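Next comes start-v2.txt, with compact mmCIF, C-alpha atoms.
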```txt
# COMPACT_ATOMS: atom_id res chain seq x y z
CA MET A 1 -129.36 -26.90 183.95
CA THR A 2 -130.61 -29.72 181.73
CA PRO A 3 -132.01 -28.41 178.41
CA PRO A 4 -135.63 -29.29 177.56
CA ARG A 5 -136.18 -32.40 175.48
CA PRO A 6 -136.43 -31.59 171.78
CA CYS A 7 -139.77 -32.23 170.08
CA ILE A 8 -139.40 -33.63 166.56
CA GLY A 9 -142.28 -33.89 164.09
CA LEU A 10 -142.29 -36.40 161.26
CA PHE A 11 -144.79 -36.89 158.46
CA ASP A 12 -145.36 -39.28 155.59
CA SER A 13 -148.26 -40.16 153.34
CA GLY A 14 -148.75 -43.30 155.38
CA LEU A 15 -146.80 -45.86 157.36
CA GLY A 16 -143.40 -45.89 155.64
CA GLY A 17 -142.07 -42.93 157.58
CA LEU A 18 -142.28 -45.05 160.72
CA THR A 19 -139.03 -46.66 159.57
CA VAL A 20 -137.46 -43.19 159.88
CA LEU A 21 -138.96 -42.78 163.34
CA LYS A 22 -137.61 -46.21 164.32
CA ALA A 23 -134.11 -45.23 163.18
CA LEU A 24 -134.37 -41.82 164.87
CA ALA A 25 -135.48 -43.22 168.20
CA SER A 26 -132.47 -45.54 168.20
CA VAL A 27 -129.93 -42.71 167.76
CA VAL A 28 -131.85 -39.90 169.50
CA PRO A 29 -133.75 -41.73 172.25
CA ASP A 30 -134.06 -38.68 174.48
CA ALA A 31 -136.53 -36.69 172.39
CA ASP A 32 -140.29 -36.47 172.02
CA TYR A 33 -141.78 -37.39 168.65
CA ILE A 34 -145.04 -36.56 166.88
CA TYR A 35 -145.74 -38.71 163.82
CA PHE A 36 -148.36 -37.73 161.25
CA GLY A 37 -149.50 -40.26 158.66
CA ASP A 38 -151.66 -38.77 155.90
CA THR A 39 -153.30 -42.13 155.26
CA ALA A 40 -156.53 -40.71 153.83
CA ARG A 41 -154.64 -39.17 150.91
CA LEU A 42 -151.99 -41.78 150.17
CA PRO A 43 -150.17 -42.68 148.06
CA TYR A 44 -148.21 -39.51 147.32
CA GLY A 45 -145.99 -41.38 144.87
CA SER A 46 -148.54 -41.37 142.03
CA LYS A 47 -149.73 -37.76 142.45
CA SER A 48 -148.63 -34.50 140.83
CA ALA A 49 -146.02 -32.23 142.38
CA GLU A 50 -148.65 -29.56 143.05
CA THR A 51 -150.91 -32.00 144.90
CA VAL A 52 -148.06 -33.49 146.93
CA THR A 53 -146.85 -30.02 147.95
CA HIS A 54 -150.36 -29.02 149.03
CA TYR A 55 -150.75 -32.13 151.17
CA ALA A 56 -147.22 -31.92 152.55
CA LEU A 57 -147.62 -28.30 153.66
CA ASP A 58 -150.88 -29.19 155.42
CA ALA A 59 -149.13 -31.91 157.40
CA ALA A 60 -146.01 -29.86 158.11
CA ARG A 61 -147.93 -26.83 159.38
CA HIS A 62 -150.09 -29.04 161.57
CA LEU A 63 -147.00 -30.49 163.25
CA GLU A 64 -145.49 -27.02 163.70
CA GLN A 65 -148.70 -25.84 165.38
CA LEU A 66 -148.50 -28.81 167.75
CA GLY A 67 -145.09 -27.64 168.96
CA ALA A 68 -142.58 -29.51 166.81
CA GLU A 69 -139.22 -27.74 166.97
CA MET A 70 -137.78 -29.64 164.00
CA LEU A 71 -139.54 -31.31 161.09
CA VAL A 72 -138.42 -34.49 159.36
CA VAL A 73 -140.01 -35.05 155.97
CA ALA A 74 -140.06 -38.84 156.35
CA CYS A 75 -141.25 -39.38 152.80
CA ASN A 76 -139.02 -39.59 149.73
CA THR A 77 -141.74 -38.34 147.39
CA ALA A 78 -142.54 -35.27 149.50
CA THR A 79 -138.83 -34.57 149.94
CA ALA A 80 -138.22 -34.88 146.20
CA LEU A 81 -141.13 -32.69 145.15
CA SER A 82 -141.81 -30.33 148.03
CA LEU A 83 -138.80 -29.85 150.33
CA GLU A 84 -138.11 -26.27 149.26
CA ALA A 85 -141.75 -25.25 149.66
CA ILE A 86 -141.93 -26.91 153.10
CA THR A 87 -138.69 -25.28 154.25
CA ASN A 88 -139.89 -21.86 153.08
CA GLY A 89 -143.34 -22.37 154.62
CA LEU A 90 -142.21 -23.14 158.17
CA ARG A 91 -140.34 -21.31 160.92
CA ILE A 92 -138.58 -24.43 162.21
CA PRO A 93 -135.64 -26.43 160.74
CA VAL A 94 -136.60 -29.03 158.13
CA VAL A 95 -134.70 -32.21 157.23
CA GLY A 96 -135.54 -34.38 154.21
CA VAL A 97 -134.51 -37.95 153.48
CA ILE A 98 -132.81 -37.58 150.09
CA GLU A 99 -129.62 -35.60 150.81
CA PRO A 100 -128.60 -37.83 153.76
CA GLY A 101 -129.28 -40.94 151.66
CA ALA A 102 -127.26 -39.62 148.73
CA GLN A 103 -124.34 -38.72 150.96
CA ALA A 104 -124.31 -42.18 152.55
CA ALA A 105 -124.41 -43.80 149.10
CA ALA A 106 -121.53 -41.68 147.83
CA GLN A 107 -119.42 -42.65 150.84
CA ALA A 108 -120.25 -46.35 150.45
CA SER A 109 -119.63 -46.65 146.68
CA ARG A 110 -116.14 -47.64 145.54
CA ASN A 111 -116.77 -47.36 141.80
CA LYS A 112 -119.13 -44.34 142.05
CA LYS A 113 -122.01 -46.18 140.38
CA VAL A 114 -125.25 -46.40 142.35
CA VAL A 115 -128.74 -47.78 141.72
CA VAL A 116 -131.72 -46.00 143.32
CA ILE A 117 -135.16 -47.59 143.65
CA GLY A 118 -138.25 -45.64 144.63
CA THR A 119 -141.80 -44.61 143.77
CA GLU A 120 -142.72 -43.32 140.33
CA ALA A 121 -142.85 -39.72 141.56
CA THR A 122 -139.49 -39.88 143.34
CA VAL A 123 -137.80 -41.41 140.32
CA ALA A 124 -139.45 -38.98 137.89
CA SER A 125 -138.18 -36.03 139.97
CA HIS A 126 -134.55 -37.22 139.56
CA ALA A 127 -133.86 -35.76 143.01
CA TYR A 128 -131.49 -38.58 143.96
CA GLN A 129 -129.75 -38.39 140.59
CA ARG A 130 -129.08 -34.66 141.04
CA ALA A 131 -127.91 -35.08 144.63
CA LEU A 132 -125.57 -37.93 143.69
CA LYS A 133 -124.19 -36.09 140.66
CA LYS A 134 -123.14 -33.21 142.92
CA LEU A 135 -121.15 -35.77 144.89
CA GLY A 136 -119.44 -37.17 141.79
CA VAL A 137 -121.55 -40.35 141.60
CA ASP A 138 -123.37 -41.75 138.54
CA SER A 139 -126.77 -43.26 139.25
CA HIS A 140 -129.53 -45.24 137.62
CA GLU A 141 -133.06 -44.83 138.99
CA LYS A 142 -135.74 -47.51 138.84
CA ALA A 143 -139.40 -47.07 139.83
CA CYS A 144 -140.76 -50.06 141.77
CA PRO A 145 -144.47 -49.22 142.28
CA LEU A 146 -145.52 -52.71 143.40
CA PHE A 147 -143.34 -52.76 146.50
CA VAL A 148 -145.47 -50.38 148.60
CA PRO A 149 -148.78 -52.30 148.30
CA LEU A 150 -146.96 -55.60 148.83
CA VAL A 151 -145.37 -54.31 152.05
CA GLU A 152 -148.65 -52.81 153.30
CA GLU A 153 -150.38 -56.12 152.58
CA GLY A 154 -147.90 -57.72 154.99
CA TRP A 155 -146.20 -59.68 152.23
CA SER A 156 -142.62 -58.64 152.97
CA GLU A 157 -141.44 -62.27 152.93
CA HIS A 158 -144.01 -63.60 150.44
CA SER A 159 -142.86 -65.49 147.33
CA VAL A 160 -144.67 -62.94 145.16
CA THR A 161 -142.57 -60.12 146.66
CA ASP A 162 -139.45 -62.22 146.12
CA GLN A 163 -140.20 -62.65 142.41
CA VAL A 164 -141.18 -59.00 141.93
CA ALA A 165 -137.89 -58.00 143.56
CA ARG A 166 -135.94 -60.25 141.21
CA ILE A 167 -137.60 -58.69 138.15
CA TYR A 168 -137.12 -55.11 139.34
CA LEU A 169 -133.49 -55.65 140.33
CA ASP A 170 -132.65 -57.41 137.06
CA GLU A 171 -133.94 -54.32 135.26
CA ALA A 172 -132.21 -51.90 137.66
CA PHE A 173 -128.79 -53.56 137.57
CA ALA A 174 -128.45 -53.71 133.79
CA GLY A 175 -126.28 -52.25 131.06
CA ASP A 176 -123.73 -49.76 132.33
CA PHE A 177 -124.98 -50.26 135.89
CA ARG A 178 -124.57 -54.02 136.02
CA ASP A 179 -121.52 -53.47 138.26
CA ALA A 180 -123.04 -50.75 140.48
CA ASP A 181 -122.01 -51.50 144.05
CA VAL A 182 -124.64 -49.59 146.08
CA LEU A 183 -128.44 -49.85 146.17
CA VAL A 184 -130.30 -46.89 147.68
CA LEU A 185 -133.71 -47.56 149.19
CA GLY A 186 -135.46 -44.43 147.96
CA CYS A 187 -138.76 -45.20 149.68
CA THR A 188 -139.33 -45.55 153.41
CA HIS A 189 -141.36 -48.75 152.90
CA TYR A 190 -138.41 -50.58 151.41
CA PRO A 191 -136.45 -51.30 154.62
CA LEU A 192 -139.11 -53.94 155.35
CA ILE A 193 -137.95 -55.91 152.29
CA LYS A 194 -134.24 -55.22 152.75
CA SER A 195 -133.46 -58.89 153.34
CA VAL A 196 -135.27 -59.86 150.11
CA LEU A 197 -133.34 -57.27 148.11
CA GLN A 198 -130.04 -58.29 149.66
CA ARG A 199 -130.73 -61.92 148.80
CA TRP A 200 -130.97 -61.06 145.11
CA GLU A 201 -128.03 -58.63 145.16
CA PRO A 202 -125.71 -59.98 147.87
CA ARG A 203 -122.64 -58.18 146.53
CA VAL A 204 -124.02 -54.63 146.88
CA THR A 205 -124.17 -52.32 149.87
CA ILE A 206 -127.73 -51.31 150.67
CA VAL A 207 -128.19 -47.74 151.88
CA ASP A 208 -131.30 -47.12 153.95
CA SER A 209 -132.16 -43.42 153.77
CA ALA A 210 -134.06 -43.74 157.06
CA GLU A 211 -130.85 -44.56 158.92
CA SER A 212 -128.92 -41.81 157.11
CA THR A 213 -131.61 -39.27 157.95
CA ALA A 214 -131.56 -40.26 161.60
CA ARG A 215 -127.83 -39.59 161.77
CA ALA A 216 -128.32 -36.20 160.05
CA VAL A 217 -130.97 -35.18 162.60
CA ALA A 218 -128.74 -36.28 165.48
CA ALA A 219 -125.91 -34.15 164.09
CA LYS A 220 -128.20 -31.11 163.84
CA LEU A 221 -129.45 -31.51 167.40
CA GLY A 222 -125.95 -31.84 168.82
CA THR A 223 -125.95 -30.78 172.48
CA ARG A 224 -129.76 -30.38 172.52
CA VAL A 225 -130.03 -34.12 173.15
CA THR A 226 -130.67 -34.82 176.84
CA LYS A 227 -130.22 -37.98 178.86
CA ASP A 228 -133.39 -38.04 180.96
CA GLY A 229 -135.30 -41.06 179.74
CA PRO A 230 -136.81 -42.80 176.73
CA SER A 231 -138.60 -40.94 173.98
CA GLY A 232 -142.28 -40.13 174.06
CA MET A 233 -144.26 -40.78 170.87
CA ARG A 234 -147.61 -39.48 169.62
CA PHE A 235 -149.23 -40.85 166.48
CA MET A 236 -151.79 -39.27 164.19
CA ALA A 237 -153.51 -40.48 161.03
CA THR A 238 -156.07 -39.02 158.65
CA ASP A 239 -157.78 -42.37 157.99
CA SER A 240 -158.44 -45.60 159.94
CA VAL A 241 -156.56 -45.37 163.22
CA GLU A 242 -156.96 -49.09 163.92
CA LYS A 243 -155.37 -50.05 160.60
CA PHE A 244 -152.55 -47.57 161.26
CA ARG A 245 -151.96 -49.02 164.72
CA ARG A 246 -152.03 -52.64 163.55
CA LEU A 247 -149.79 -52.24 160.49
CA GLY A 248 -147.67 -49.49 162.01
CA GLU A 249 -146.28 -51.80 164.66
CA LYS A 250 -144.60 -53.85 161.91
CA PHE A 251 -142.86 -50.73 160.56
CA LEU A 252 -141.91 -49.32 163.96
CA GLY A 253 -140.92 -52.58 165.59
CA ARG A 254 -142.71 -51.73 168.83
CA GLN A 255 -146.22 -51.49 170.19
CA ILE A 256 -148.38 -48.50 169.28
CA SER A 257 -150.89 -48.00 172.06
CA ALA A 258 -152.98 -45.18 170.62
CA VAL A 259 -153.45 -43.25 167.36
CA GLN A 260 -155.33 -39.97 167.13
CA HIS A 261 -157.56 -39.36 164.13
CA VAL A 262 -156.99 -35.97 162.47
CA ASP A 263 -159.19 -34.46 159.77
CA LEU A 264 -157.30 -31.91 157.67
CA LYS A 265 -159.91 -29.91 155.79
CA GLU A 266 -159.24 -29.23 152.13
```
Please rewrite the model in this file as structure tokens.
Amino acid sequence: MTPPRPCIGLFDSGLGGLTVLKALASVVPDADYIYFGDTARLPYGSKSAETVTHYALDAARHLEQLGAEMLVVACNTATALSLEAITNGLRIPVVGVIEPGAQAAAQASRNKKVVVIGTEATVASHAYQRALKKLGVDSHEKACPLFVPLVEEGWSEHSVTDQVARIYLDEAFAGDFRDADVLVLGCTHYPLIKSVLQRWEPRVTIVDSAESTARAVAAKLGTRVTKDGPSGMRFMATDSVEKFRRLGEKFLGRQISAVQHVDLKE
């Protein structure tokens, strides 16, 4: 008897987590997905740990109530600041994006020196640094707060983004980490500027935590994955559904036909 298709919930403060969904759908195509973008309360990256945890638990519990059997915290900031609280607050398995990304970086690095770029909150948490240290890897973290608004403005290939990337990377790959050989994209928006980053640092291996997380989820599902057709996707947002649909298609790489508006009461 064919097992039922797994239902996987994902949430992020906005659109960036759609890069995780894109990666997941490519390796686990035979699942149903519910994506929740907390667009009314973004960005998480500049908020306190207490506020992020409050918002993250709201989103996670909403997805659990909708029938998600596994939750992917498709947000580096929420993973860094709130993963333990989310895991303890739900009855379903929870996967974050940081551990898979750190493991992929450790495997890719030859000299065990890695640079991590992310939001201010992710970098301030030192979650990647701790995860990499456990794996015997030294890391330097660099906050790149301008990248998210540039990506959401649709300026992934703009000359302004190119120059901002050059400045950030010059600062990130400096001193003892001038010869670091891996760059970790510690924000789910950053895959959209991967080509820009690679242009400025052609010698390094870029680790996309979205892809690493997708492989981790596939490993957890194991034999639960069925072979009965393409994935179904539902999308929810707490702010403008039209803006989410229009911009979200760039992150997901496919058409988004409908987005449901959700109002999570404080």
As a CSV table (one decimal) with C-alpha atoms, keeping the file's coordinate frame, please: the residues near A:Val27 (cut-off 12 Å, only C-alpha atoms, same-chain neighbours under 5 positions excluded).
```csv
chain,number,residue,atom,x,y,z
A,20,VAL,CA,-137.5,-43.2,159.9
A,21,LEU,CA,-139.0,-42.8,163.3
A,22,LYS,CA,-137.6,-46.2,164.3
A,210,ALA,CA,-134.1,-43.7,157.1
A,211,GLU,CA,-130.8,-44.6,158.9
A,212,SER,CA,-128.9,-41.8,157.1
A,213,THR,CA,-131.6,-39.3,158.0
A,214,ALA,CA,-131.6,-40.3,161.6
A,215,ARG,CA,-127.8,-39.6,161.8
A,216,ALA,CA,-128.3,-36.2,160.0
A,217,VAL,CA,-131.0,-35.2,162.6
A,218,ALA,CA,-128.7,-36.3,165.5
A,219,ALA,CA,-125.9,-34.2,164.1
A,221,LEU,CA,-129.4,-31.5,167.4
A,222,GLY,CA,-126.0,-31.8,168.8
A,225,VAL,CA,-130.0,-34.1,173.2
A,230,PRO,CA,-136.8,-42.8,176.7
A,231,SER,CA,-138.6,-40.9,174.0
```
Near stretch 64-83 of chain A, 8 Å: stretch 157-236 of chain A residue rows, closest pairs, only C-alpha atoms, as CSV:
```
residue,atom,partner,partner_atom,distance
A:Gly186,CA,A:Asn76,CA,6.3
A:Cys187,CA,A:Asn76,CA,5.6
A:Thr188,CA,A:Cys75,CA,6.5
A:Ala210,CA,A:Ala74,CA,7.8
```
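Shortest separation to A:Arg61 among A:Gly89, A:Gly253, A:Pro43, A:Gly16 occurs at residue A:Gly89, atoms counted being all atoms listed in the file.
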**Study point:** Pairwise distance for atom CA of A:Thr19 and atom CA of A:Leu150, rounded to one decimal in Å
**Key:** 16.1 Å
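Taking atom CA of A:Ile86 and atom CA of A:Thr51 as the two end points, the separation is 13.2 Å.
Nearest to A:Asp208 of all the residues A:Pro29, A:Gly175, A:Pro191, A:Pro149 is A:Pro191, based on all atoms listed in the file.
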Will you model N, CA and C atoms for stretch 191-215 of chain A and pass it back as a short mmCIF file (atom, residue, chain, number, x, y, z; two decimals), keeping the file's coordinate frame?
```
data_model
loop_
_atom_site.label_atom_id
_atom_site.label_comp_id
_atom_site.auth_asym_id
_atom_site.auth_seq_id
_atom_site.Cartn_x
_atom_site.Cartn_y
_atom_site.Cartn_z
N PRO A 191 -137.23 -50.58 153.60
CA PRO A 191 -136.45 -51.30 154.62
C PRO A 191 -137.10 -52.61 155.07
N LEU A 192 -138.43 -52.71 154.93
CA LEU A 192 -139.11 -53.94 155.35
C LEU A 192 -138.83 -55.11 154.40
N ILE A 193 -138.31 -54.83 153.20
CA ILE A 193 -137.95 -55.91 152.29
C ILE A 193 -136.44 -55.91 152.01
N LYS A 194 -135.70 -55.31 152.93
CA LYS A 194 -134.24 -55.22 152.75
C LYS A 194 -133.61 -56.60 152.61
N SER A 195 -134.05 -57.55 153.40
CA SER A 195 -133.46 -58.89 153.34
C SER A 195 -133.74 -59.56 152.00
N VAL A 196 -134.93 -59.31 151.42
CA VAL A 196 -135.27 -59.86 150.11
C VAL A 196 -134.36 -59.26 149.03
N LEU A 197 -134.18 -57.96 149.09
CA LEU A 197 -133.34 -57.27 148.11
C LEU A 197 -131.89 -57.72 148.23
N GLN A 198 -131.42 -57.87 149.46
CA GLN A 198 -130.04 -58.29 149.66
C GLN A 198 -129.82 -59.71 149.17
N ARG A 199 -130.84 -60.54 149.27
CA ARG A 199 -130.73 -61.92 148.80
C ARG A 199 -130.50 -61.98 147.30
N TRP A 200 -131.14 -61.08 146.57
CA TRP A 200 -130.97 -61.06 145.11
C TRP A 200 -129.74 -60.30 144.66
N GLU A 201 -129.25 -59.39 145.49
CA GLU A 201 -128.03 -58.63 145.16
C GLU A 201 -127.08 -58.67 146.35
N PRO A 202 -126.54 -59.84 146.67
CA PRO A 202 -125.71 -59.98 147.87
C PRO A 202 -124.40 -59.20 147.84
N ARG A 203 -123.95 -58.83 146.64
CA ARG A 203 -122.64 -58.18 146.53
C ARG A 203 -122.71 -56.68 146.79
N VAL A 204 -123.92 -56.08 146.77
CA VAL A 204 -124.02 -54.63 146.88
C VAL A 204 -124.24 -54.19 148.32
N THR A 205 -123.85 -52.95 148.59
CA THR A 205 -124.17 -52.32 149.87
C THR A 205 -125.52 -51.64 149.76
N ILE A 206 -126.40 -51.94 150.68
CA ILE A 206 -127.73 -51.31 150.67
C ILE A 206 -127.72 -50.12 151.62
N VAL A 207 -128.11 -48.97 151.09
CA VAL A 207 -128.19 -47.74 151.88
C VAL A 207 -129.65 -47.46 152.19
N ASP A 208 -129.96 -47.42 153.46
CA ASP A 208 -131.30 -47.12 153.95
C ASP A 208 -131.35 -45.63 154.30
N SER A 209 -132.12 -44.87 153.54
CA SER A 209 -132.16 -43.42 153.77
C SER A 209 -132.75 -43.08 155.13
N ALA A 210 -133.53 -43.99 155.72
CA ALA A 210 -134.06 -43.74 157.06
C ALA A 210 -132.92 -43.64 158.08
N GLU A 211 -131.99 -44.57 157.99
CA GLU A 211 -130.85 -44.56 158.92
C GLU A 211 -129.97 -43.33 158.69
N SER A 212 -129.75 -42.99 157.43
CA SER A 212 -128.92 -41.81 157.11
C SER A 212 -129.57 -40.53 157.62
N THR A 213 -130.88 -40.44 157.47
CA THR A 213 -131.61 -39.27 157.95
C THR A 213 -131.54 -39.15 159.46
N ALA A 214 -131.65 -40.27 160.14
CA ALA A 214 -131.56 -40.26 161.60
C ALA A 214 -130.22 -39.70 162.06
N ARG A 215 -129.16 -40.10 161.40
CA ARG A 215 -127.83 -39.59 161.77
C ARG A 215 -127.73 -38.09 161.48
#
```
